[in-house]
Structure formats: C-alpha cells, structure tokens
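This is target-v9.csv. It holds CSV, C-alpha atoms.
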```csv
chain,number,residue,atom,x,y,z
A,1,MET,CA,-7.1,0.3,47.3
A,2,ILE,CA,-4.9,-1.7,44.9
A,3,LEU,CA,-2.8,0.7,42.8
A,4,PHE,CA,-4.1,-0.4,39.3
A,5,GLU,CA,-7.7,0.4,40.5
A,6,LEU,CA,-6.8,4.1,40.4
A,7,LEU,CA,-8.1,4.0,36.8
A,8,PRO,CA,-11.3,2.2,36.0
A,9,TYR,CA,-11.0,-0.8,33.6
A,10,ASP,CA,-13.2,0.8,30.9
A,11,THR,CA,-11.1,4.0,31.0
A,12,LEU,CA,-7.9,2.0,30.6
A,13,ARG,CA,-9.5,0.1,27.6
A,14,LEU,CA,-10.4,3.4,26.0
A,15,ILE,CA,-6.9,4.9,26.7
A,16,TRP,CA,-5.2,1.9,25.1
A,17,TRP,CA,-7.5,2.0,22.1
A,18,LEU,CA,-6.4,5.7,21.7
A,19,LEU,CA,-2.8,4.7,22.2
A,20,LEU,CA,-3.0,2.0,19.6
A,21,GLY,CA,-4.3,4.6,17.2
A,22,VAL,CA,-1.4,7.0,18.2
A,23,LEU,CA,1.2,4.3,17.5
A,24,LEU,CA,-0.3,3.3,14.1
A,25,ILE,CA,-0.6,7.0,13.1
A,26,GLY,CA,2.9,7.6,14.4
A,27,PHE,CA,4.2,4.8,12.2
A,28,ALA,CA,2.4,6.2,9.1
A,29,LEU,CA,3.6,9.7,9.7
A,30,THR,CA,7.3,8.7,10.1
A,31,ASP,CA,8.0,5.4,8.4
A,32,GLY,CA,5.3,6.3,5.9
A,33,PHE,CA,7.5,8.8,4.1
A,34,ASP,CA,10.3,6.2,4.1
A,35,MET,CA,8.0,3.8,2.3
A,36,GLY,CA,6.8,6.6,0.0
A,37,VAL,CA,10.4,7.6,-0.9
A,38,GLY,CA,11.2,3.9,-1.6
A,39,ALA,CA,8.2,3.7,-3.9
A,40,LEU,CA,9.3,6.9,-5.7
A,41,LEU,CA,13.0,5.9,-6.0
A,42,PRO,CA,13.1,4.4,-9.5
A,43,PHE,CA,11.0,7.3,-10.9
A,44,VAL,CA,12.6,10.4,-9.4
A,45,GLY,CA,16.2,9.3,-9.6
A,46,ARG,CA,17.5,8.7,-13.2
A,47,THR,CA,21.2,8.7,-12.5
A,48,ASP,CA,23.2,6.9,-9.8
A,49,VAL,CA,24.0,10.2,-8.0
A,50,GLU,CA,20.3,11.2,-8.1
A,51,ARG,CA,19.2,7.9,-6.6
A,52,ARG,CA,21.8,8.1,-3.9
A,53,ILE,CA,20.5,11.6,-3.0
A,54,VAL,CA,17.0,10.1,-2.7
A,55,ILE,CA,18.3,7.2,-0.6
A,56,ASN,CA,20.2,9.4,1.7
A,57,THR,CA,17.2,11.7,2.5
A,58,VAL,CA,15.8,8.7,4.5
A,59,GLY,CA,19.0,6.7,5.2
A,60,PRO,CA,19.8,8.3,8.6
A,61,VAL,CA,16.2,8.2,10.0
A,62,TRP,CA,14.4,5.1,8.6
A,63,GLU,CA,15.6,2.8,11.5
A,64,GLY,CA,14.3,5.1,14.1
A,65,ASN,CA,11.0,5.6,12.3
A,66,GLN,CA,10.5,1.8,12.2
A,67,VAL,CA,10.4,1.8,16.0
A,68,TRP,CA,6.8,2.9,15.7
A,69,PHE,CA,6.0,-0.3,13.8
A,70,ILE,CA,7.6,-2.4,16.5
A,71,LEU,CA,5.8,-0.4,19.2
A,72,GLY,CA,2.5,-0.9,17.5
A,73,GLY,CA,3.0,-4.6,17.1
A,74,GLY,CA,4.1,-4.9,20.8
A,75,ALA,CA,1.0,-2.9,21.9
A,76,ILE,CA,-1.3,-5.2,20.0
A,77,PHE,CA,0.4,-8.3,21.5
A,78,ALA,CA,0.3,-7.0,25.1
A,79,ALA,CA,-2.8,-4.8,25.3
A,80,TRP,CA,-5.1,-6.6,22.8
A,81,PRO,CA,-4.0,-10.3,22.7
A,82,PRO,CA,-7.2,-11.6,21.0
A,83,LEU,CA,-6.7,-9.1,18.2
A,84,TYR,CA,-3.1,-10.2,17.8
A,85,ALA,CA,-4.0,-13.9,17.7
A,86,VAL,CA,-7.0,-13.6,15.4
A,87,SER,CA,-5.5,-11.1,12.9
A,88,PHE,CA,-2.1,-12.9,12.6
A,89,SER,CA,-3.9,-16.2,12.1
A,90,GLY,CA,-5.9,-14.9,9.2
A,91,PHE,CA,-3.4,-12.5,7.7
A,92,TYR,CA,-0.4,-14.8,8.1
A,93,LEU,CA,0.7,-14.8,4.5
A,94,ALA,CA,0.0,-11.1,4.1
A,95,MET,CA,2.1,-10.4,7.3
A,96,PHE,CA,4.8,-12.6,5.9
A,97,ALA,CA,4.9,-10.6,2.7
A,98,VAL,CA,5.1,-7.3,4.6
A,99,LEU,CA,8.0,-8.6,6.8
A,100,ALA,CA,9.8,-10.0,3.8
A,101,ALA,CA,9.5,-6.6,2.0
A,102,LEU,CA,10.6,-4.7,5.2
A,103,ILE,CA,13.6,-7.1,5.5
A,104,LEU,CA,14.7,-6.2,2.0
A,105,ARG,CA,15.0,-2.5,2.9
A,106,PRO,CA,17.9,-2.6,5.4
A,107,VAL,CA,19.8,-5.1,3.3
A,108,ALA,CA,19.3,-2.8,0.3
A,109,PHE,CA,20.4,0.2,2.2
A,110,LYS,CA,23.6,-1.5,3.4
A,111,TYR,CA,24.6,-3.3,0.2
A,112,ARG,CA,23.4,-1.0,-2.6
A,113,SER,CA,26.4,1.2,-3.0
A,114,LYS,CA,29.1,-1.5,-2.1
A,115,ARG,CA,29.8,-2.3,-5.8
A,116,GLU,CA,30.0,-0.1,-8.9
A,117,SER,CA,28.0,-2.5,-11.1
A,118,ILE,CA,25.0,-0.9,-12.7
A,119,ILE,CA,23.0,-4.2,-12.5
A,120,TRP,CA,23.9,-4.6,-8.8
A,121,ARG,CA,22.8,-1.1,-7.9
A,122,SER,CA,19.7,-1.2,-10.0
A,123,SER,CA,18.6,-4.5,-8.5
A,124,TRP,CA,18.9,-3.0,-5.0
A,125,ASP,CA,17.0,0.1,-6.1
A,126,TRP,CA,14.1,-2.1,-7.1
A,127,ALA,CA,14.4,-3.9,-3.8
A,128,LEU,CA,14.0,-0.6,-2.0
A,129,PHE,CA,10.9,0.0,-4.2
A,130,VAL,CA,9.4,-3.3,-3.1
A,131,GLY,CA,10.3,-2.5,0.5
A,132,GLY,CA,8.3,0.7,0.3
A,133,ALA,CA,5.4,-0.1,-2.1
A,134,VAL,CA,4.4,-3.6,-0.9
A,135,PRO,CA,3.9,-2.8,2.8
A,136,ALA,CA,2.0,0.4,1.9
A,137,LEU,CA,-0.3,-1.6,-0.4
A,138,ILE,CA,-0.9,-4.5,2.0
A,139,PHE,CA,-1.6,-2.2,5.0
A,140,GLY,CA,-4.3,-0.5,2.9
A,141,VAL,CA,-5.7,-3.9,1.8
A,142,ALA,CA,-5.9,-5.0,5.4
A,143,VAL,CA,-7.9,-1.9,6.3
A,144,GLY,CA,-10.3,-2.6,3.5
A,145,ASN,CA,-10.9,-6.1,4.7
A,146,VAL,CA,-11.3,-5.1,8.3
A,147,LEU,CA,-14.1,-2.6,7.3
A,148,GLN,CA,-15.9,-5.4,5.4
A,149,GLY,CA,-15.4,-7.9,8.3
A,150,VAL,CA,-13.0,-10.8,8.4
A,151,PRO,CA,-14.3,-14.4,7.8
A,152,PHE,CA,-13.4,-15.9,11.2
A,153,GLU,CA,-15.3,-17.3,14.2
A,154,LEU,CA,-14.4,-18.0,17.8
A,155,THR,CA,-14.9,-21.4,19.3
A,156,PRO,CA,-16.3,-21.6,22.9
A,157,ASP,CA,-12.8,-21.8,24.2
A,158,LEU,CA,-11.9,-18.7,22.1
A,159,PHE,CA,-9.8,-20.3,19.5
A,160,SER,CA,-10.2,-18.6,16.1
A,161,ARG,CA,-11.3,-20.6,13.1
A,162,TYR,CA,-11.1,-19.1,9.6
A,163,GLU,CA,-13.2,-19.9,6.5
A,164,GLY,CA,-11.4,-21.2,3.4
A,165,SER,CA,-8.1,-22.9,2.7
A,166,TYR,CA,-4.6,-21.7,3.7
A,167,TYR,CA,-3.9,-19.9,0.4
A,168,GLY,CA,-7.6,-19.1,-0.2
A,169,LYS,CA,-7.6,-16.9,2.9
A,170,PHE,CA,-4.8,-14.8,1.4
A,171,LEU,CA,-6.4,-14.5,-2.1
A,172,GLY,CA,-9.7,-13.7,-0.4
A,173,LEU,CA,-8.1,-10.5,0.9
A,174,LEU,CA,-7.7,-9.2,-2.6
A,175,ASN,CA,-11.3,-8.2,-3.2
A,176,PRO,CA,-12.3,-5.0,-5.1
A,177,PHE,CA,-12.9,-2.8,-2.1
A,178,ALA,CA,-9.8,-3.9,-0.3
A,179,LEU,CA,-7.7,-3.3,-3.5
A,180,LEU,CA,-9.2,0.2,-3.7
A,181,THR,CA,-8.2,1.0,-0.1
A,182,GLY,CA,-4.8,-0.5,-0.9
A,183,VAL,CA,-4.4,1.9,-3.8
A,184,VAL,CA,-5.5,4.8,-1.6
A,185,SER,CA,-2.9,3.8,1.0
A,186,ILE,CA,0.0,3.5,-1.5
A,187,ALA,CA,-1.0,6.8,-3.2
A,188,MET,CA,-1.2,8.6,0.2
A,189,LEU,CA,2.2,7.4,1.4
A,190,THR,CA,3.8,8.1,-2.0
A,191,THR,CA,2.4,11.7,-1.7
A,192,HIS,CA,3.9,11.8,1.8
A,193,GLY,CA,7.3,10.6,0.4
A,194,ALA,CA,7.1,13.3,-2.3
A,195,ALA,CA,6.5,15.9,0.3
A,196,TRP,CA,9.6,14.6,2.2
A,197,LEU,CA,11.7,14.8,-0.9
A,198,SER,CA,10.5,18.3,-1.7
A,199,LEU,CA,11.9,19.2,1.7
A,200,LYS,CA,15.1,17.2,1.8
A,201,ALA,CA,16.2,17.1,-1.9
A,202,GLU,CA,16.8,19.8,-4.4
A,203,GLY,CA,16.9,20.4,-8.2
A,204,VAL,CA,15.5,17.9,-10.6
A,205,VAL,CA,14.9,15.2,-7.9
A,206,ALA,CA,12.7,17.5,-5.9
A,207,GLU,CA,10.9,18.7,-9.0
A,208,ARG,CA,10.1,15.2,-10.2
A,209,ALA,CA,8.9,14.2,-6.7
A,210,ARG,CA,6.6,17.2,-6.7
A,211,SER,CA,5.2,16.3,-10.1
A,212,ILE,CA,4.5,12.8,-9.1
A,213,GLY,CA,3.2,13.8,-5.7
A,214,VAL,CA,0.5,16.1,-7.2
A,215,VAL,CA,-0.8,13.1,-9.2
A,216,THR,CA,-0.7,10.7,-6.3
A,217,GLY,CA,-2.2,13.3,-4.0
A,218,LEU,CA,-5.2,13.8,-6.3
A,219,MET,CA,-5.5,10.0,-6.5
A,220,THR,CA,-5.6,9.9,-2.7
A,221,ILE,CA,-8.4,12.5,-2.5
A,222,ILE,CA,-10.5,10.8,-5.2
A,223,GLY,CA,-9.9,7.3,-3.8
A,224,PHE,CA,-10.7,8.4,-0.3
A,225,ALA,CA,-14.0,9.9,-1.5
A,226,VAL,CA,-14.9,6.8,-3.6
A,227,SER,CA,-14.1,4.5,-0.6
A,228,GLY,CA,-16.4,6.5,1.6
A,229,LEU,CA,-19.2,6.4,-1.0
A,230,TRP,CA,-18.6,2.6,-1.5
A,231,LEU,CA,-18.7,2.1,2.3
A,232,PHE,CA,-22.0,4.0,2.4
A,233,LEU,CA,-23.8,2.4,-0.5
A,234,VAL,CA,-22.5,-1.2,-0.6
A,235,ILE,CA,-20.8,-2.4,2.6
A,236,GLU,CA,-22.8,-3.3,5.7
A,237,GLY,CA,-21.6,-2.2,9.1
A,238,TYR,CA,-21.8,-3.8,12.6
A,239,ALA,CA,-23.6,-2.8,15.8
A,240,LEU,CA,-23.8,-4.1,19.3
A,241,THR,CA,-27.3,-5.2,20.1
A,242,SER,CA,-26.8,-6.5,23.7
A,243,ASP,CA,-26.2,-4.4,26.8
A,244,ILE,CA,-22.7,-2.9,26.5
A,245,VAL,CA,-20.6,-3.9,29.5
A,246,THR,CA,-17.5,-1.7,29.3
A,247,ASP,CA,-15.7,-3.2,32.3
A,248,GLY,CA,-16.6,-6.9,31.8
A,249,PRO,CA,-14.4,-9.9,31.0
A,250,SER,CA,-12.5,-10.1,27.7
A,251,ASN,CA,-14.8,-12.6,26.0
A,252,PRO,CA,-16.4,-11.4,22.7
A,253,LEU,CA,-18.9,-14.3,22.8
A,254,TYR,CA,-20.7,-12.6,25.7
A,255,SER,CA,-21.8,-9.8,23.3
A,256,GLU,CA,-24.5,-9.9,20.6
A,257,VAL,CA,-23.6,-8.2,17.3
A,258,GLN,CA,-25.7,-7.8,14.1
A,259,ARG,CA,-25.0,-6.5,10.7
A,260,THR,CA,-26.4,-3.0,10.0
A,261,SER,CA,-27.1,-1.1,6.8
A,262,THR,CA,-23.9,1.0,6.9
A,263,TRP,CA,-20.9,1.9,9.0
A,264,LEU,CA,-21.7,5.6,8.4
A,265,SER,CA,-24.6,5.4,10.9
A,266,ALA,CA,-21.8,6.2,13.4
A,267,TYR,CA,-21.9,9.8,12.1
A,268,VAL,CA,-25.5,10.0,13.2
A,269,ALA,CA,-24.8,8.7,16.7
A,270,ARG,CA,-21.6,10.8,17.0
A,271,PRO,CA,-21.7,13.7,14.6
A,272,TRP,CA,-18.5,15.2,15.9
A,273,ILE,CA,-16.4,12.5,14.3
A,274,ILE,CA,-17.0,14.1,10.9
A,275,ILE,CA,-13.9,16.2,11.8
A,276,ALA,CA,-11.7,13.2,10.9
A,277,PRO,CA,-12.6,12.9,7.2
A,278,VAL,CA,-12.6,16.7,6.9
A,279,LEU,CA,-9.0,16.7,8.2
A,280,GLY,CA,-8.1,14.0,5.8
A,281,PHE,CA,-9.5,15.8,2.7
A,282,ALA,CA,-8.2,19.2,3.9
A,283,GLY,CA,-4.7,18.0,4.7
A,284,MET,CA,-4.2,16.1,1.4
A,285,THR,CA,-5.7,19.0,-0.6
A,286,MET,CA,-3.3,21.5,1.0
A,287,ALA,CA,-0.4,19.1,0.5
A,288,VAL,CA,-1.2,18.9,-3.3
A,289,LEU,CA,-1.4,22.7,-3.5
A,290,GLY,CA,1.9,22.9,-1.5
A,291,LEU,CA,3.6,20.5,-3.9
A,292,ARG,CA,2.4,22.5,-6.9
A,293,LYS,CA,3.7,25.8,-5.5
A,294,GLY,CA,7.0,24.3,-4.3
A,295,ARG,CA,6.4,24.8,-0.6
A,296,GLU,CA,8.4,22.6,1.7
A,297,VAL,CA,7.9,22.4,5.5
A,298,SER,CA,4.2,23.3,5.3
A,299,THR,CA,3.6,20.7,2.6
A,300,LEU,CA,5.0,17.9,4.8
A,301,LEU,CA,2.9,19.1,7.7
A,302,TRP,CA,-0.3,19.2,5.6
A,303,SER,CA,0.5,15.7,4.3
A,304,LYS,CA,0.8,14.5,7.9
A,305,LEU,CA,-2.5,16.0,8.8
A,306,GLY,CA,-4.1,14.3,5.8
A,307,ILE,CA,-2.8,10.9,6.9
A,308,PHE,CA,-3.9,11.6,10.5
A,309,GLY,CA,-7.4,12.4,9.3
A,310,ALA,CA,-7.6,9.3,7.0
A,311,ILE,CA,-6.5,6.8,9.7
A,312,SER,CA,-8.6,8.5,12.4
A,313,THR,CA,-11.6,8.2,10.1
A,314,VAL,CA,-11.4,4.4,10.0
A,315,GLY,CA,-10.9,4.1,13.8
A,316,LEU,CA,-13.7,6.5,14.7
A,317,THR,CA,-16.1,5.1,12.2
A,318,MET,CA,-15.7,1.5,13.5
A,319,PHE,CA,-15.6,2.3,17.2
A,320,PRO,CA,-16.1,0.3,19.4
A,321,PHE,CA,-15.3,-2.5,16.9
A,322,ILE,CA,-11.6,-3.4,16.3
A,323,LEU,CA,-12.0,-6.6,14.2
A,324,PRO,CA,-15.5,-7.5,13.1
A,325,SER,CA,-16.3,-11.0,12.0
A,326,SER,CA,-18.3,-11.5,8.7
A,327,LEU,CA,-18.7,-15.2,9.4
A,328,HIS,CA,-20.1,-15.0,12.9
A,329,PRO,CA,-20.8,-11.4,14.0
A,330,ASN,CA,-21.0,-12.4,17.7
A,331,SER,CA,-17.3,-13.3,17.4
A,332,SER,CA,-16.4,-9.7,16.5
A,333,LEU,CA,-13.7,-8.1,18.7
A,334,THR,CA,-14.5,-4.7,20.3
A,335,VAL,CA,-12.7,-2.3,22.6
A,336,TRP,CA,-14.8,-3.6,25.5
A,337,ASP,CA,-14.2,-7.3,25.2
A,338,SER,CA,-10.8,-8.1,23.7
A,339,SER,CA,-8.2,-6.4,25.9
A,340,SER,CA,-5.7,-7.6,28.5
A,341,SER,CA,-6.5,-7.6,32.2
A,342,HIS,CA,-7.1,-4.5,34.2
A,343,GLN,CA,-3.7,-4.8,35.9
A,344,THR,CA,-1.8,-5.4,32.7
A,345,LEU,CA,-3.2,-2.4,31.0
A,346,PHE,CA,-2.3,-0.2,34.0
A,347,ILE,CA,1.3,-1.4,34.2
A,348,MET,CA,1.7,-0.9,30.5
A,349,LEU,CA,0.3,2.6,30.8
A,350,VAL,CA,2.8,3.5,33.5
A,351,VAL,CA,5.7,2.2,31.3
A,352,THR,CA,4.3,4.2,28.3
A,353,VAL,CA,4.1,7.4,30.3
A,354,ILE,CA,7.7,7.0,31.3
A,355,PHE,CA,9.2,6.0,28.0
A,356,MET,CA,7.0,7.6,25.3
A,357,PRO,CA,8.3,11.2,26.1
A,358,LEU,CA,11.9,9.8,25.9
A,359,ILE,CA,11.2,8.4,22.5
A,360,LEU,CA,9.6,11.6,21.3
A,361,ALA,CA,12.4,13.7,22.7
A,362,TYR,CA,15.1,11.5,21.0
A,363,THR,CA,13.2,11.5,17.7
A,364,ALA,CA,12.9,15.3,17.8
A,365,TRP,CA,16.7,15.6,18.6
A,366,VAL,CA,17.6,13.3,15.7
A,367,TYR,CA,15.6,15.3,13.2
A,368,LYS,CA,17.1,18.6,14.5
A,369,VAL,CA,20.6,17.2,14.1
A,370,LEU,CA,19.9,15.9,10.6
A,371,TRP,CA,18.0,19.0,9.4
A,372,GLY,CA,18.9,20.3,6.0
A,373,LYS,CA,18.9,19.2,2.4
A,374,VAL,CA,20.9,16.3,0.9
A,375,THR,CA,22.9,17.7,-2.0
A,376,GLU,CA,24.9,16.2,-4.8
A,377,ALA,CA,28.1,17.4,-3.1
A,378,ASP,CA,27.1,15.5,0.1
A,379,VAL,CA,26.9,12.3,-1.9
A,380,THR,CA,29.9,12.7,-4.2
A,381,GLY,CA,32.2,14.2,-1.5
A,382,ASN,CA,31.4,11.4,1.0
A,383,SER,CA,31.0,8.5,-1.4
A,384,ASP,CA,32.5,5.9,0.9
A,385,THR,CA,30.5,6.8,4.0
A,386,VAL,CA,27.0,7.6,2.8
A,387,TYR,CA,24.5,5.1,1.3
```
Go through the file and emit its structure as structure tokens.
Amino acid sequence: MILFELLPYDTLRLIWWLLLGVLLIGFALTDGFDMGVGALLPFVGRTDVERRIVINTVGPVWEGNQVWFILGGGAIFAAWPPLYAVSFSGFYLAMFAVLAALILRPVAFKYRSKRESIIWRSSWDWALFVGGAVPALIFGVAVGNVLQGVPFELTPDLFSRYEGSYYGKFLGLLNPFALLTGVVSIAMLTTHGAAWLSLKAEGVVAERARSIGVVTGLMTIIGFAVSGLWLFLVIEGYALTSDIVTDGPSNPLYSEVQRTSTWLSAYVARPWIIIAPVLGFAGMTMAVLGLRKGREVSTLLWSKLGIFGAISTVGLTMFPFILPSSLHPNSSLTVWDSSSSHQTLFIMLVVTVIFMPLILAYTAWVYKVLWGKVTEADVTGNSDTVY
C-alpha cells in the first residue's frame, strides 16, 4: 500500500475543510482582538499615555497572532488551489485593501512613538485604526458575498471568468447584505478587542473599552440575528443535485448544482448544526454581561466562544459548498471537487500534525510570559523601549 492511501481521499478532504476552519477561527480569536483594539484606539485613549497603554497591550503579541492569517492563506493555496485562484481573481481589489491596511499596522507600531509631535502620533494612531477596522469590515463583507454566491463561471479548462468590469467587481461586493455582515464582523471584533483591553488595561482605558464593548456586543447580537433572518427570507441557497462523489477528481464542472429556497434547509438535513449559532449568541451575550460587570478572563473566553460560534455557523450552513457561483451554479466549488491531490493533502496533514502543536505550545508560552496588565508606570518608566 502507498503511504498516503492510509487515509481515504474523502476523509482527507473533510479533514482539510475542518483545518481550514480551525485556521480561520484561530486568526479571528487571536489577531481579531488586535484588530478590535486598533479600531478602539482613537476612542478609548484620550491622552498620549493612554493611547500608548492601549498599543502596548497588543504590541508584543500581534506579530505572532498574524501567523494564523499566513497559515490560513497558505492552507487555501496548497489544499484548495481552485478556491485560491477563483477568490483572489474576484476579490483582488478587496484583498489589496486588506493587505494595505495590514501593512500600515507594523509601520505604525514601529514609528508612532519615535517623535514627540502630536500630529505625527495622531496620524499613526489613525493608521492603526485603519489597520484594525478595514480588514475586520472587508472580511465580513466577503462572507456576505460568499453566502449570496459570487458572480463567476469556470471555462471548460477551469479558468475563472467574472461578470462585470475590473472596478465593478469590487463595487458589486458592497451590496446591502454584505455590508450588514461587514458591520457584524467589525462589531464582533471590536467587542473582542474591548474584552482584551478589559483584561490587559486598567483605569479609565478599561472602563471606556467596556462601555464601548457593551454597545458593539449588542450590535453583534442584533446584527447576527438580522443576518440569519435575511438569509432565511431573502437569499437563495445552493444544493448538489447530481450524485455526490466524495473521492472523485477536483473538477467542479462534473457536479450539478441548483439554487434552492434557502441555506437554512441545512438545519433540516443536519439538525445538530444548530449548536453553532446557539454558541454564537450565547458567547456574545455572556461577553456583554461580563463587560458590564467588569469581569476579565471569563469575558475574553466568552467572546472567543461567540466568535467561534459565528464563524462555525457560516461553514456548517454552507457545507459542502466553499464558494458558490451565482452566475453559473455548476461552477460552484465544494469540499468534494476543489481540493489538491490525495498525496498532497496527506503530506500537508503530516506536516501539520508535526508543526501545529509546536505553534500552539509557543503561543501559549508567549502569553504566559506576557501575562499581566499594562500600566501607566510601564509606559512612562520605559518610554524608550515600549511602543
């Protein structure tokens, strides 16, 4: 027996679908509070010292947290090449905006406190705001568009072709439902950032973060509910109508797909997936209550649970679809027809089994070493060495 045949092809595809979800959720749980703190920076810090406290709560960890983003992109490239090719072709300008915003962040961290100028520091503070708020918004907009279906089709030789002009494709992403999911995303990550500041800061900075976090947490809960209702009443779903071949070749054109009345029919076929939105609502509700009562560690954990539930809801509701096509449904990408080869998925899984525990262990060690609050004395007493 060839070694990679130890695991069936369909099992490997399912494992990598789960691992992709783990990487995206890991990014949201870690770098998500970095983005949330950046979005909160101009509002919770009113003096230079207060803003430096805010920045230094995430300064030592944001680079490590962003590893999850790189791992997620790498996993899409290697495990789901058609998804990588099609999504980057259609979302090119959106991806460029995300990368430009993320590039601003390290530059702002490094240069913000190098000069005493008020204008200089304020400008970099707003750069950190953009570096946090813009990716959070665009990621949510992308999810909203994926749920509606993306206007692409595959040619017989599997090249993707999009409807509309170069700039029209970008503007087409900014439709009402996608903007709603974008608002839910930025509100959710801002709440996560507030929970982090509640844990890592103290005094007026923590109090302001809690006050804003309660509002954005309620916005998240309401927006999540409205999105689900909109998805049920207005947006059509997708369903495979041909025989499902789970271990066949990676060619989406071999499958037949049609539009259905609603995505939420998945909850009839697989009732157990209701646990995902329940966790989303419960986690965010408890996070709001924790912020109101001034709790710290538990609030952050509840916020993480809420994010886990919200992202899991999207993946489980759409399964087995990864990127549906509104222009030509038969071009839709699914778990069963858009992966890399059997051997590639197996080799990647072996590498992941070796290195993922090392990444988790290192991350846990870093957070243990950096445990504790950032105080005004930490900033003023080490002005030349901290951010």
Review point. Which residue gives the smallest distance to Gly306 in chain A among A:Gly217, A:Gly193, A:Gly203, A:Gly74, with only C-alpha atoms counted?
Key: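 The shortest atom-to-atom distance to Gly306 in chain A comes from A:Gly217.
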Please provide as a compact mmCIF listing (two decimals) with C-alpha atoms, in the frame of the given file all residues within 10 Å of Val22 in chain A, with the sequence filter that same-chain residues fewer than 3 positions apart are discarded (counting all atoms listed in the file).
```
# COMPACT_ATOMS: atom_id res chain seq x y z
CA TRP A 16 -5.20 1.90 25.10
CA TRP A 17 -7.50 2.00 22.10
CA LEU A 18 -6.40 5.70 21.70
CA LEU A 19 -2.80 4.70 22.20
CA ILE A 25 -0.60 7.00 13.10
CA GLY A 26 2.90 7.60 14.40
CA PHE A 27 4.20 4.80 12.20
CA ALA A 28 2.40 6.20 9.10
CA TRP A 68 6.80 2.90 15.70
CA GLY A 72 2.50 -0.90 17.50
CA PHE A 308 -3.90 11.60 10.50
CA ILE A 311 -6.50 6.80 9.70
CA SER A 312 -8.60 8.50 12.40
```
Check your understanding: When distances are computed from all atoms listed in the file, which of A:Val226, A:Leu333, A:Val130, A:Val369 shows the smallest separation from Tyr254 in chain A?
Key -> A:Leu333
Point to revise | CA of Ala310 in chain A to CA of Ala282 in chain A, straight-line distance in Å | key: 10.4 Å
Review point. Leaving out Ala136 in chain A and any residue of its chain fewer than 2 positions from it, which residues lie within 7 Å of it when counting all atoms listed in the file, given as a list in words?
Key: Met35, Gly132, Ala133, Val134, Ile138, Phe139, Gly140, Ser185 and Ile186 of chain A
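Residue neighbourhood of Ser87 in chain A, excluding near-sequence residues (fewer than 4 positions): Pro81, Pro82, Leu83, Phe91, Tyr92, Met95, Ala142, Val146, Val150, Phe152, Ser160 and Leu323 of chain A, at 10 Å, using all atoms listed in the file.
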Point to revise | Selected residue of minimal separation from Trp80 in chain A among A:Thr344, A:Thr285, A:Ser325, A:Asn175, counting all atoms listed in the file | key: A:Thr344
Check your understanding: What's the 10 Å shell around Val183 in chain A, counting all atoms listed in the file, without same-chain residues fewer than 3 positions away, as a ChimeraX atom specification?
Key -> /A:136-138,140-141,177-180,186-188,216,219-220,223-224
Kindly export the residues of the current selection with C-alpha atoms, as a PDB file, in the frame of the given file.
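Generated output (out.pdb):
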```
ATOM      1  CA  ALA A 136       2.000   0.400   1.900  1.00  0.00           C
ATOM      2  CA  LEU A 137      -0.300  -1.600  -0.400  1.00  0.00           C
ATOM      3  CA  ILE A 138      -0.900  -4.500   2.000  1.00  0.00           C
ATOM      4  CA  GLY A 140      -4.300  -0.500   2.900  1.00  0.00           C
ATOM      5  CA  VAL A 141      -5.700  -3.900   1.800  1.00  0.00           C
ATOM      6  CA  PHE A 177     -12.900  -2.800  -2.100  1.00  0.00           C
ATOM      7  CA  ALA A 178      -9.800  -3.900  -0.300  1.00  0.00           C
ATOM      8  CA  LEU A 179      -7.700  -3.300  -3.500  1.00  0.00           C
ATOM      9  CA  LEU A 180      -9.200   0.200  -3.700  1.00  0.00           C
ATOM     10  CA  ILE A 186       0.000   3.500  -1.500  1.00  0.00           C
ATOM     11  CA  ALA A 187      -1.000   6.800  -3.200  1.00  0.00           C
ATOM     12  CA  MET A 188      -1.200   8.600   0.200  1.00  0.00           C
ATOM     13  CA  THR A 216      -0.700  10.700  -6.300  1.00  0.00           C
ATOM     14  CA  MET A 219      -5.500  10.000  -6.500  1.00  0.00           C
ATOM     15  CA  THR A 220      -5.600   9.900  -2.700  1.00  0.00           C
ATOM     16  CA  GLY A 223      -9.900   7.300  -3.800  1.00  0.00           C
ATOM     17  CA  PHE A 224     -10.700   8.400  -0.300  1.00  0.00           C
TER      18      PHE A 224
END
```
Check your understanding: So how many Å separate CA of Ile359 in chain A and CA of Gly64 in chain A, to one decimal?
Key ->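 Atom-to-atom, CA of Ile359 in chain A to CA of Gly64 in chain A, that is 9.5 Å.
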**Study point:** Spatial neighbours of Ala194 in chain A, max dist 8 Å, all atoms listed in the file, sep filter under 6 positions, as a PyMOL selection string
**Key:** chain A and resi 33+36-37+40+206+209-210+212-213
Write a file of the just-selected residues containing C-alpha atoms, as a CSV table (one decimal), keeping the file's coordinate frame.
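In the end it all went to result-v2.csv:
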```csv
chain,number,residue,atom,x,y,z
A,33,PHE,CA,7.5,8.8,4.1
A,36,GLY,CA,6.8,6.6,0.0
A,37,VAL,CA,10.4,7.6,-0.9
A,40,LEU,CA,9.3,6.9,-5.7
A,206,ALA,CA,12.7,17.5,-5.9
A,209,ALA,CA,8.9,14.2,-6.7
A,210,ARG,CA,6.6,17.2,-6.7
A,212,ILE,CA,4.5,12.8,-9.1
A,213,GLY,CA,3.2,13.8,-5.7
```
Practice item. Rank A:Ser331, A:Thr385, A:Thr11, A:Thr299 by their smallest atom-to-atom distance to Val86 in chain A, using only C-alpha atoms, and report the top residue only. Key: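 Closest candidate: A:Ser331.
The spacing separating CA of Glu207 in chain A from CA of Leu289 in chain A amounts to 14.1 Å.
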Practice item. Choose the residue, out of A:Gly381, A:Gly309, A:Gly237, A:Gly45, that has the smallest atom-to-atom separation from Ser261 in chain A; count all atoms listed in the file. Key: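 Checking each candidate against Ser261 in chain A, we get A:Gly237 as the closest.
Shortest atom-to-atom contact with Thr334 in chain A among A:Arg13, A:Thr375, A:Arg115, A:Gly90: A:Arg13, counting all atoms listed in the file.
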